[in-house]
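Trainee: Shown below is the structure under consideration.
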Amino acid sequence: MSEEAHSRRRVGRPPAGAREGEKVKDYPQLSVRVPIEMKARLNALSAVTGLAQWRVIVQAIDCFLRDLPPPDQELVDGLCQRLLRAG
């Protein structure tokens, strides 16, 4: 194969994870039940913003966390660290 063929973009979508090189398919799955209005709202937010549904949810969680009082934010951070270390 020529050098030019090696430098071309790969076929398919690039990895779309939260960080460089991560693949969404490697993320753990989450299944939740929500009222139909919330599912419709998530679909609409995704369509209007062009963001994947998982990104809308991640941003919503980050926003919720920012609105918590600092002591609660610290508790959440501590619990997250423990869960991540436990693997």
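So you can find residues: chains in the structure tokens are A, B, ... in the order shown, residues in each start at 1, and ligands are numbered from 1 in order.
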I'd like the neighbourhood of segment 38-42 of chain A as a list in words, where a residue qualifies if any of its atoms comes within 10 Å (using only C-alpha atoms), though same-chain residues fewer than 3 positions away should be ignored.
Mentor: Arg33, Val34, Pro35, Leu45, Ser46, Ala47, Val48, Ala52, Gln53, Trp54, Val56 and Ile57 of chain A
Trainee: Please indicate the distance in Å from atom CA of Pro70 of chain A to atom CA of Arg55 of chain A, rounded to one decimal place.
Mentor: 24.1 Å
Trainee: What does the distance between atom CA of Cys63 of chain A and atom CA of Asp77 of chain A come to in Å, to one decimal place?
Mentor: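 Distance between the two atoms: 14.3 Å.
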Trainee: If we count only C-alpha atoms and set the cut-off at 9 Å, which residues sit around Leu65 of chain A, ignoring sequence neighbours fewer than 6 positions away in its own chain? Please answer as number ranges by chain.
Mentor: A: 72-73, 76
Trainee: Could you check how far atom CA of Asp62 of chain A sits from atom CA of Ala44 of chain A, in Å to one decimal?
Mentor: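 Between atom CA of Asp62 of chain A and atom CA of Ala44 of chain A the gap works out to 19.5 Å.
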Trainee: Just the alpha helix (DSSP H) stuff from segment 29-77 of chain A, please, per backbone DSSP, written as JSON, numbers by chain.
Mentor: {"A": [36, 37, 38, 39, 40, 41, 42, 43, 44, 45, 46, 47, 48, 49, 53, 54, 55, 56, 57, 58, 59, 60, 61, 62, 63, 64, 65, 66, 67, 70, 71, 72, 73, 74, 75, 76, 77]}
Trainee: Take the selection from the previous step and output its residues with C-alpha atoms, as a compact mmCIF listing (two decimals), in the first residue's frame.
Mentor:
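The resulting out06.txt:
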```
# COMPACT_ATOMS: atom_id res chain seq x y z
CA ILE A 36 -42.44 9.40 28.85
CA GLU A 37 -42.23 13.21 28.99
CA MET A 38 -38.59 13.00 30.13
CA LYS A 39 -37.71 10.53 27.38
CA ALA A 40 -39.35 12.85 24.85
CA ARG A 41 -37.44 15.80 26.32
CA LEU A 42 -34.14 13.90 26.14
CA ASN A 43 -34.82 13.00 22.50
CA ALA A 44 -35.67 16.63 21.71
CA LEU A 45 -32.61 18.01 23.53
CA SER A 46 -30.41 15.59 21.64
CA ALA A 47 -31.96 16.54 18.30
CA VAL A 48 -31.83 20.31 18.90
CA THR A 49 -28.30 20.40 20.32
CA GLN A 53 -28.12 11.42 24.53
CA TRP A 54 -25.35 10.21 26.82
CA ARG A 55 -23.65 13.62 26.53
CA VAL A 56 -26.89 15.44 27.43
CA ILE A 57 -27.24 13.23 30.52
CA VAL A 58 -23.60 13.74 31.54
CA GLN A 59 -23.99 17.52 31.22
CA ALA A 60 -27.20 17.40 33.27
CA ILE A 61 -25.45 15.46 36.05
CA ASP A 62 -22.53 17.91 36.01
CA CYS A 63 -24.99 20.83 36.24
CA PHE A 64 -26.84 19.19 39.13
CA LEU A 65 -23.55 18.60 40.95
CA ARG A 66 -22.47 22.23 40.50
CA ASP A 67 -25.73 23.37 42.13
CA PRO A 70 -19.78 22.58 48.52
CA PRO A 71 -19.93 20.03 51.40
CA ASP A 72 -22.28 17.83 49.36
CA GLN A 73 -20.04 18.19 46.30
CA GLU A 74 -17.10 16.98 48.41
CA LEU A 75 -19.12 14.00 49.65
CA VAL A 76 -20.06 13.07 46.09
CA ASP A 77 -16.43 13.39 44.96
```
